[in-house]
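Chemist: Here's a structure for you.
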Amino acid sequence: MEDMLFYDRMQFAFTITFHYLFPQLTMGLSLIIVYFKWKFLRTKIDKYNEAAKFWMKIFALNFAMGVVTGIPMEFQFGTNWAKFSELTGGIIGQTLAMEGMFSFFLESSFLGLFLFGEKLMGQKLHFLTGFLVFLGSWASGYLIIATHSWMQHPVGFEILENGKFVLNNFGALFSNPWLLPSYLHNQLASVITASFVIAAIGAFYLLNNKHSDFGRLFVKTGVIFGLISSVLVAFPTGDWAAKNVVKHQPVTFAAMEGIFESEDGGSEIVLVGQPDVVNKKLDNKIAVPNVLSFLTYQRWDAQIKGLNEFDESVYPTNIPGLYYSYHIMVGLGTIFIGLMLLASIQLFRKKLYKTKWILWSLMFMLPFPYIANTTGWYTAELGRQPWLVYDLLRTADGISPTVSSGNTLFTLLGFIGLYLLLGLLFLMLAGKIISKGPETTQQI
Amino acid sequence: MEIFWYIVLMTMLTIYVILDGYDFGAGIIHLFFAKTEKDKKAITSAIGPFWDANEVWLIASGGVLFFAFPTLYASSFSGFYLPLIMILWLLIFRAIGLELRGQIHNKMWETIWDKAFGISSLLLALFFGIALGNVVRGVNLGMVTDGVSAQEPHYFFLPLWNSTFSPHAEHLGIIDWFTLLLGVVGVVALTIHGANWIIFKTNSDLNQKLKKVVFNLNIVLLALVIISLLLWHNIEPKPFHNFMEHPWVWIFPIIAFTGLFGLFKVKSFKKDGMGFLFSSLFLLGGLTSTVASIFPKVLPSTNDVNPSLTLYNVAAHEYGLSVGVYWFIIAAVLVGVYMFVQYRVFKGKMDDVGYGEH
C-alpha cells in the first residue's frame, strides 16, 4: 500500500513537473506575441511582425510539447487516482471538463489558423487568431487553478453518506477566495518565464553580435515585461496568496516559513537555514526579527502559529521539501526583481545594450524562472499534503485500489524515458530555431 | 439528466473517432502506400492543421466522462491502466512524428519520424478497436474469484493478456481473440477512412491508387464485420435484445451498412468528398449500434456477483449534472463556431498549405 502511494505520487509529480515547463512559456509568450502583433498593426514596422513570427516558431514547438505531455495529466486522475476521481469527480470533473470544452477547443482550432493562416486571412484576422490562442491558454490556466483551489480550499459542496463529494453551489467554485490570488500569481509567474526567455535570447544575440536589431527589441521587451511581472508576482499577488495560506492552512504556513515554535512578541523571517525536523530547529539560521509578523499581519509583534501548535498527524508530509521549495521561489523572485530593476535603469539611461554584465546575467538567468515556477507549485502541492482535498480526503485514500505498484513503476519508467527523449528533442530544435534567428525577409 | 450526458458523451466520442480516425488512417496510408516525398507531403498537409483540434475531442470526452460519470471514469481508467498509458505514449510518438519531421531536412531524421507517425497511428487504430472489444465483452468487476470479490464491486484490473487469449476466461486479459478481431476491424475501417480523407482533401497522385485500396479493403471490412457479428453471439448472449424491444434502433446498423455498401461505388464518385461521407457513416453507425446493443450498460460484468455498470449507477449527482447543462450548451455552440471557421479557412484541397515547413 505504501509502495502504491509512493509510485503514484512519483509518477504524478514527475509528469506534472515536466508538463508545466511548457504551458508556463505558452501562456506568457502568447501574451508577448500578441503584443508584437499589435505593435505591428499599429506601427506597420516589419520588425515587429518578424519578431512575432520568430517567437511563433518557438511557441509552436513549445505548444506541441505542452499538448502531448498534457494529455497524460487528464488521464492520470482516472488511471492512478481512481478513488479520488470517483469521490470528487462530480466537482473537479466540472472544472476540468470546462477546460476541455472552453479552452482546448479554442486554442487548438485557432492555433492552426494562427500558424498556417497568415496569408489566407490578412493581418487583422491573423492578430485576432493570435489573441484567441492567448485567451484559450489563459482560460485553461484559470480552470486548472479553479480545480486546484477547490482541492486547497473546498467550497460549495456536501459529503454524502457514501463518502462522495457532491456539488451544491456551482458559483462557489469560481468565487473561491483561493482562486483569484493564485491565478494572478501564477499567470504573472508565467509572464516572468516568457520575459526572461525573450530577454535571454535577445542578450545572446547582442553578445554574439548576431541579429542585433532583434536582440535589442527582445531585450527591451523582455526587461519591460519582466520588471512589471516580477514586481506584481511578489506584491500584491504573492502576498495575497500567502495570506490565504496563513488563514486557511496555518500549519502549512509554519512549515513553509520554518517556524517550529510560536514566538510571543513577533516572528522572525528566515532567510537561510536547514530544517531539522527531528530536533525541531533550523541549522545555521540567518533570520531578521519580527519581519514575518509584519508582512503577515502588518504588526511587528503579531503572533504566528508555529508547528508546535498542531498535531503531527496534520503536518505537511515533507516539511524540508516544502520549506526549500518556498525559499527557493522567494529567493529567486527577489533576484528577478533586482536584476530587472537594474536592467530597466540602464534601459532608461539608454546604456543597457552596452552593459555587458547585465546582458550576461540576463542570458544565464534563463533557467531560473522555470525553477521558480516549479518550486512555487511544489510549495502549493507539498503544502497541501497529506491531503488531496484539504482536511477532508487524505492522499493515501485517493489512489487506484487495483493498480499494483509494479505496474505504476513500469509506466513511470516509461514516462521518464519518453520525456527524456522529448526534452532532448525540444532543446535541440529550439536551439536550431534560435541559432538560425529571426528572418528579415518580407513575409510570404 | 443521466441520459442527456450519456448522449453527449457518446456523440463526442463518435465525433472523436470520425475526426481523429482519419488522422490515424492517414498515418496508416502514409506507412504503407506513400512512396514519394510528394505523397508524404500531401498526406501531412491534409491532416496538418486539423489533427491537434481533432485530438481535443478525446480530451474533452475524457473531461465529460470524468465530470458526468465519475465512477465509470475511475473504474475503467484504473482497470484498463496499461493500455491507456500505452495509448498515451503512442499519441505522444504520433504527435512528435508529425510535428518534428519537417524541422530538419535530413533523410534519416525524416525516415525516423515517418515511421514513428505511421506505426503509432497503426497501433492506435488497433488499440482503440481492442478497447471497444473490451467494453462489449465486459470485465470481471470486483475481481471475483470463486464467487468472492477481491475489490469494491466497481473496480477491476486487466493485464494485457492471459495465457488462453479467451474472452471466456475467469481472469480476462485486454487482448483476446475477440477483442483482437475488433482491433483488426478498427485498423481496416480507419485505413479506409483515412484514404477517403486524403482523396477528399488533396490532388495527390496517390488518389487513384487509394480508390483501389479503399475498394479492396472494403471487401475485407465487409468480411470482418460479418465474422464479428457471427461471433458476437458467442460473447453477448442476447445481442439483439435492444433491437427487438425498440425497433427504431435498427436505424444505427442501417446507417453502418449504408456507409459500407456505399463505399463499393468509390471508383465512380463524382465528388471527392463522397467516400469520406460514407466511411464516416460506417463509423457512426458501427459505434452507435455497438453501444445500443449493450445499453443501458456501459461496462458489462462477466461475473454473477457484481452488477454491470450502467449509465445510472455511475453518474454524478443530480445538481452538478443539471448545472453543467448550461455551460455545456454555451461551450458546444462556441465549438461549432470554431470548427466552422477552421474548416472554412482550410476548405478545399490542402496540397499547398506547406505543413511542417514553419
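So you can find residues: chains in the C-alpha cells are A, B, ... in the order shown, residues in each start at 1, and ligands are numbered from 1 in order.
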With only C-alpha atoms as the counted atoms, please give the residues lying no more than 6 Å from region 315-318 of chain B, apart from itself and same-chain residues fewer than 3 positions off, as a list in words.

Modeler: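 Listing them by chain and then by number gives Gly90 of chain A; Ala68, Phe69, Tyr312 and Leu321 of chain B.
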
Chemist: Run DSSP on the backbone and tell me which residues of region 105-167 of chain B come out as alpha helix (DSSP H); list them as a VMD selection string.

Modeler: chain B and resid 107 to 137

Chemist: Do me a favour and pick out the residues of chain B within 8 Å of chain A, using only C-alpha atoms, as a PyMOL selection string.

Modeler: chain B and resi 49-50+52-53+56+59-60+62-64+66-71+73-82+84-85+88-89+91-92+95-96+99+103+151+155-157+316-317+319-321+323-324+327-328+331-332+334-335+338-339+342+345+353+355+358

Chemist: So what do you get for CA of Leu362 (chain A) versus CA of Tyr142 (chain A), distance-wise?

Modeler: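 Between CA of Leu362 (chain A) and CA of Tyr142 (chain A) the gap is 29.4 Å.
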
Chemist: Write out as a PyMOL selection string all residues of region 99-246 of chain A that backbone DSSP assigns to strand (DSSP E or B).

Modeler: chain A and resi 157-159+165-167

Chemist: Mind writing the picked residues with N, CA and C atoms as an mmCIF file, in the first residue's frame?

Modeler:
data_model
loop_
_atom_site.group_PDB
_atom_site.id
_atom_site.type_symbol
_atom_site.label_atom_id
_atom_site.label_comp_id
_atom_site.auth_asym_id
_atom_site.auth_seq_id
_atom_site.Cartn_x
_atom_site.Cartn_y
_atom_site.Cartn_z
ATOM 1 N N PHE A 157 -19.921 22.463 -1.575
ATOM 2 C CA PHE A 157 -20.147 21.014 -1.715
ATOM 3 C C PHE A 157 -20.766 20.460 -0.441
ATOM 4 N N GLU A 158 -21.240 19.230 -0.533
ATOM 5 C CA GLU A 158 -21.549 18.482 0.683
ATOM 6 C C GLU A 158 -21.036 17.060 0.510
ATOM 7 N N ILE A 159 -20.887 16.352 1.623
ATOM 8 C CA ILE A 159 -20.395 14.982 1.545
ATOM 9 C C ILE A 159 -21.549 14.038 1.855
ATOM 10 N N PHE A 165 -18.253 13.431 -2.604
ATOM 11 C CA PHE A 165 -18.363 14.885 -2.535
ATOM 12 C C PHE A 165 -19.293 15.313 -3.674
ATOM 13 N N VAL A 166 -20.372 15.994 -3.345
ATOM 14 C CA VAL A 166 -21.228 16.464 -4.430
ATOM 15 C C VAL A 166 -21.352 17.984 -4.389
ATOM 16 N N LEU A 167 -21.456 18.547 -5.572
ATOM 17 C CA LEU A 167 -21.528 19.994 -5.713
ATOM 18 C C LEU A 167 -22.913 20.457 -5.299
#

Chemist: Here is a test: counting only C-alpha atoms, which residue of B:Asp114, B:Glu37, B:Asp272, B:Asp304 is nearest to Ile198 (chain B)?

Modeler: B:Asp272

Chemist: Nearest to Trp360 (chain A) among A:Gln123, A:Ser190, A:Asn208, A:Asn62, with distances taken over only C-alpha atoms: which residue is it?

Modeler: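 Result for the nearest residue to Trp360 (chain A): A:Asn208.
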
Chemist: What does the structure give for the distance between CA of Leu90 (chain B) and CA of Gly27 (chain B), in Å to one decimal?

Modeler: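 Computed distance, CA of Leu90 (chain B) to CA of Gly27 (chain B), equals 12.3 Å.
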
Chemist: Which neighbours of Gly285 (chain B) fall inside 10 Å, counting only C-alpha atoms, when residues of the same chain fewer than 4 positions from it are skipped, and could you give them as a PyMOL selection string?

Modeler: chain B and resi 14+250-260+279-281+289-291

Chemist: With N, CA and C atoms retained, write the just-selected residues as an mmCIF file, in the first residue's frame.

Modeler:
data_model
loop_
_atom_site.group_PDB
_atom_site.id
_atom_site.type_symbol
_atom_site.label_atom_id
_atom_site.label_comp_id
_atom_site.auth_asym_id
_atom_site.auth_seq_id
_atom_site.Cartn_x
_atom_site.Cartn_y
_atom_site.Cartn_z
ATOM 1 N N THR B 14 -18.029 9.662 -30.663
ATOM 2 C CA THR B 14 -18.210 9.330 -32.076
ATOM 3 C C THR B 14 -17.537 10.378 -32.964
ATOM 4 N N TRP B 250 -32.861 0.049 -35.084
ATOM 5 C CA TRP B 250 -32.296 -0.510 -36.324
ATOM 6 C C TRP B 250 -31.683 0.563 -37.211
ATOM 7 N N ILE B 251 -32.071 1.809 -36.967
ATOM 8 C CA ILE B 251 -31.510 2.899 -37.763
ATOM 9 C C ILE B 251 -29.981 2.884 -37.723
ATOM 10 N N PHE B 252 -29.408 2.492 -36.573
ATOM 11 C CA PHE B 252 -27.947 2.557 -36.450
ATOM 12 C C PHE B 252 -27.236 1.555 -37.360
ATOM 13 N N PRO B 253 -27.623 0.259 -37.294
ATOM 14 C CA PRO B 253 -26.983 -0.662 -38.240
ATOM 15 C C PRO B 253 -27.279 -0.309 -39.697
ATOM 16 N N ILE B 254 -28.457 0.261 -39.947
ATOM 17 C CA ILE B 254 -28.761 0.639 -41.333
ATOM 18 C C ILE B 254 -27.782 1.712 -41.806
ATOM 19 N N ILE B 255 -27.511 2.680 -40.922
ATOM 20 C CA ILE B 255 -26.523 3.713 -41.265
ATOM 21 C C ILE B 255 -25.167 3.065 -41.563
ATOM 22 N N ALA B 256 -24.775 2.125 -40.692
ATOM 23 C CA ALA B 256 -23.469 1.484 -40.864
ATOM 24 C C ALA B 256 -23.387 0.777 -42.216
ATOM 25 N N PHE B 257 -24.440 0.041 -42.540
ATOM 26 C CA PHE B 257 -24.371 -0.724 -43.798
ATOM 27 C C PHE B 257 -24.516 0.172 -45.023
ATOM 28 N N THR B 258 -25.241 1.292 -44.865
ATOM 29 C CA THR B 258 -25.282 2.259 -45.965
ATOM 30 C C THR B 258 -23.866 2.728 -46.278
ATOM 31 N N GLY B 259 -23.142 3.057 -45.218
ATOM 32 C CA GLY B 259 -21.765 3.504 -45.409
ATOM 33 C C GLY B 259 -20.924 2.424 -46.047
ATOM 34 N N LEU B 260 -21.064 1.209 -45.533
ATOM 35 C CA LEU B 260 -20.233 0.102 -46.001
ATOM 36 C C LEU B 260 -20.503 -0.208 -47.469
ATOM 37 N N SER B 279 -17.554 6.576 -45.352
ATOM 38 C CA SER B 279 -16.810 5.910 -44.268
ATOM 39 C C SER B 279 -17.162 6.516 -42.916
ATOM 40 N N SER B 280 -17.502 7.819 -42.907
ATOM 41 C CA SER B 280 -17.968 8.414 -41.653
ATOM 42 C C SER B 280 -19.280 7.777 -41.219
ATOM 43 N N LEU B 281 -20.169 7.529 -42.189
ATOM 44 C CA LEU B 281 -21.441 6.880 -41.858
ATOM 45 C C LEU B 281 -21.198 5.497 -41.275
ATOM 46 N N SER B 289 -24.386 1.395 -33.088
ATOM 47 C CA SER B 289 -25.010 0.067 -32.990
ATOM 48 C C SER B 289 -24.412 -0.712 -31.838
ATOM 49 N N THR B 290 -23.089 -0.645 -31.705
ATOM 50 C CA THR B 290 -22.410 -1.385 -30.643
ATOM 51 C C THR B 290 -22.880 -0.906 -29.283
ATOM 52 N N VAL B 291 -22.871 0.421 -29.136
ATOM 53 C CA VAL B 291 -23.269 0.991 -27.863
ATOM 54 C C VAL B 291 -24.734 0.669 -27.566
#

Chemist: If you measure from CA of Gly275 (chain B) to CA of Val8 (chain B), what distance in Å do you get, rounded to one decimal?

Modeler: 26.5 Å

Chemist: For each of A:Met4, A:Val272, A:Leu173, A:Leu188, take the minimum atom-to-atom distance to Leu31 (chain A), counting only C-alpha atoms, then give the residue where this is smallest.

Modeler: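 Closest to Leu31 (chain A), using only C-alpha atoms: A:Leu188.
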
Chemist: Can you pull out every residue within 8 Å of Lys211 (chain B), counting only C-alpha atoms, but drop anything in the same chain fewer than 3 positions away, and send it as a list in words?

Modeler: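 The neighbour list is Ala195, Asn196, Ile199, Asn207, Gln208, Val214, Phe215, Val266 and Lys267 of chain B.
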
Chemist: Of the candidates A:Gln274, A:Thr15, A:Thr252, A:Ser293, which one gets nearest to Glu312 (chain A) if we count only C-alpha atoms?

Modeler: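 So, comparing all the options, the nearest one is A:Thr252.
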
Chemist: Excluding Pro237 (chain B) and its own-chain neighbours fewer than 3 positions away, which residues fall within 12 Å of it when counting only C-alpha atoms? Please give them as a PDB file with N, CA and C atoms, in the first residue's frame.

Modeler:
ATOM      1  N   VAL B 136     -17.485  -4.222 -25.003  1.00  0.00           N
ATOM      2  CA  VAL B 136     -18.562  -5.134 -25.400  1.00  0.00           C
ATOM      3  C   VAL B 136     -18.498  -6.426 -24.585  1.00  0.00           C
ATOM      4  N   ARG B 137     -17.283  -6.963 -24.480  1.00  0.00           N
ATOM      5  CA  ARG B 137     -17.115  -8.252 -23.813  1.00  0.00           C
ATOM      6  C   ARG B 137     -17.385  -8.154 -22.315  1.00  0.00           C
ATOM      7  N   LEU B 230     -21.166 -12.703 -36.386  1.00  0.00           N
ATOM      8  CA  LEU B 230     -21.446 -14.113 -36.091  1.00  0.00           C
ATOM      9  C   LEU B 230     -20.865 -14.501 -34.737  1.00  0.00           C
ATOM     10  N   LEU B 231     -19.675 -13.970 -34.448  1.00  0.00           N
ATOM     11  CA  LEU B 231     -19.025 -14.335 -33.195  1.00  0.00           C
ATOM     12  C   LEU B 231     -19.592 -13.567 -32.005  1.00  0.00           C
ATOM     13  N   TRP B 232     -20.237 -12.458 -32.297  1.00  0.00           N
ATOM     14  CA  TRP B 232     -20.814 -11.603 -31.261  1.00  0.00           C
ATOM     15  C   TRP B 232     -21.679 -12.435 -30.312  1.00  0.00           C
ATOM     16  N   HIS B 233     -22.426 -13.340 -30.892  1.00  0.00           N
ATOM     17  CA  HIS B 233     -23.347 -14.182 -30.158  1.00  0.00           C
ATOM     18  C   HIS B 233     -22.615 -14.977 -29.084  1.00  0.00           C
ATOM     19  N   ASN B 234     -21.399 -15.310 -29.418  1.00  0.00           N
ATOM     20  CA  ASN B 234     -20.545 -16.066 -28.517  1.00  0.00           C
ATOM     21  C   ASN B 234     -20.184 -15.253 -27.264  1.00  0.00           C
ATOM     22  N   PHE B 240     -29.290  -8.951 -29.690  1.00  0.00           N
ATOM     23  CA  PHE B 240     -30.317  -8.194 -30.410  1.00  0.00           C
ATOM     24  C   PHE B 240     -31.490  -7.803 -29.527  1.00  0.00           C
ATOM     25  N   HIS B 241     -31.290  -7.999 -28.217  1.00  0.00           N
ATOM     26  CA  HIS B 241     -32.389  -7.718 -27.294  1.00  0.00           C
ATOM     27  C   HIS B 241     -32.937  -6.301 -27.471  1.00  0.00           C
ATOM     28  N   SER B 293     -26.399  -1.892 -28.497  1.00  0.00           N
ATOM     29  CA  SER B 293     -26.662  -3.295 -28.183  1.00  0.00           C
ATOM     30  C   SER B 293     -26.407  -3.601 -26.713  1.00  0.00           C
ATOM     31  N   ILE B 294     -25.557  -2.824 -26.030  1.00  0.00           N
ATOM     32  CA  ILE B 294     -25.354  -3.102 -24.605  1.00  0.00           C
ATOM     33  C   ILE B 294     -26.101  -2.118 -23.696  1.00  0.00           C
ATOM     34  N   THR B 302     -18.690  -9.630 -16.089  1.00  0.00           N
ATOM     35  CA  THR B 302     -18.658 -11.006 -16.584  1.00  0.00           C
ATOM     36  C   THR B 302     -18.909 -12.007 -15.461  1.00  0.00           C
TER      37      THR B 302
END

Chemist: Between A:Gly202, A:Pro250, A:Gly383, A:Gly163, which residue has the minimum interatomic distance to Tyr326 (chain A), considering only C-alpha atoms?

Modeler: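 Smallest separation from Tyr326 (chain A) among the options: A:Gly383.
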
Chemist: Might you pull out every residue within 12 Å of Asn186 (chain A), with only C-alpha atoms counted and same-chain residues fewer than 2 positions away left off, and present them as a PyMOL selection string?

Modeler: chain A and resi 20+23-25+27-28+138+141-142+144-146+148+179-184+188-193+229-230+232-234+237-238+241+369+372-377+380

Chemist: With C-alpha atoms retained, write the just-selected residues as a tab-separated table (two decimals), in the first residue's frame.

Modeler:
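This is the output file out.tsv:
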chain	number	residue	atom	x	y	z
A	20	TYR	CA	4.38	22.52	-16.67
A	23	PRO	CA	2.50	25.78	-20.52
A	24	GLN	CA	4.24	28.42	-18.40
A	25	LEU	CA	6.06	29.60	-21.50
A	27	MET	CA	0.84	31.40	-21.54
A	28	GLY	CA	3.39	34.15	-21.08
A	138	TRP	CA	-5.18	31.78	-20.14
A	141	GLY	CA	-4.90	28.21	-16.63
A	142	TYR	CA	-7.94	29.71	-14.94
A	144	ILE	CA	-6.93	24.43	-13.76
A	145	ILE	CA	-6.38	26.84	-10.89
A	146	ALA	CA	-10.10	26.73	-10.09
A	148	HIS	CA	-6.51	23.39	-7.71
A	179	LEU	CA	-8.79	31.24	-6.77
A	180	LEU	CA	-8.10	34.81	-7.82
A	181	PRO	CA	-4.84	35.37	-5.90
A	182	SER	CA	-3.46	32.01	-7.05
A	183	TYR	CA	-4.49	32.64	-10.63
A	184	LEU	CA	-2.98	36.11	-10.87
A	188	LEU	CA	2.34	36.66	-13.69
A	189	ALA	CA	4.87	33.95	-12.97
A	190	SER	CA	4.33	32.61	-16.49
A	191	VAL	CA	4.85	36.10	-17.90
A	192	ILE	CA	8.13	36.16	-15.95
A	193	THR	CA	9.24	32.96	-17.65
A	229	SER	CA	5.62	40.90	-13.80
A	230	SER	CA	8.44	40.32	-11.28
A	232	LEU	CA	3.49	42.16	-9.35
A	233	VAL	CA	4.14	38.49	-8.73
A	234	ALA	CA	5.56	39.35	-5.31
A	237	THR	CA	-0.40	38.72	-5.69
A	238	GLY	CA	2.21	36.67	-3.82
A	241	ALA	CA	-1.65	34.02	-1.89
A	369	PRO	CA	12.15	31.33	-13.83
A	372	ALA	CA	10.93	29.41	-9.52
A	373	ASN	CA	7.66	28.36	-11.17
A	374	THR	CA	8.30	24.71	-10.35
A	375	THR	CA	9.22	25.33	-6.72
A	376	GLY	CA	6.23	27.64	-6.41
A	377	TRP	CA	3.97	24.79	-7.44
A	380	ALA	CA	1.40	24.69	-3.08

Chemist: Given the choices B:Leu284, B:Leu31, B:Ile3, B:Ala42, which gets closest to Lys115 (chain B) if the distance is worked out from only C-alpha atoms?

Modeler: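 Of all the options, B:Leu31 lies closest to Lys115 (chain B).
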
Chemist: Quick one: residues within 9 Å of Glu55 (chain B), only C-alpha atoms counted, chain neighbours fewer than 6 positions away excluded, as a PyMOL selection string?

Modeler: chain B and resi 16+19-20
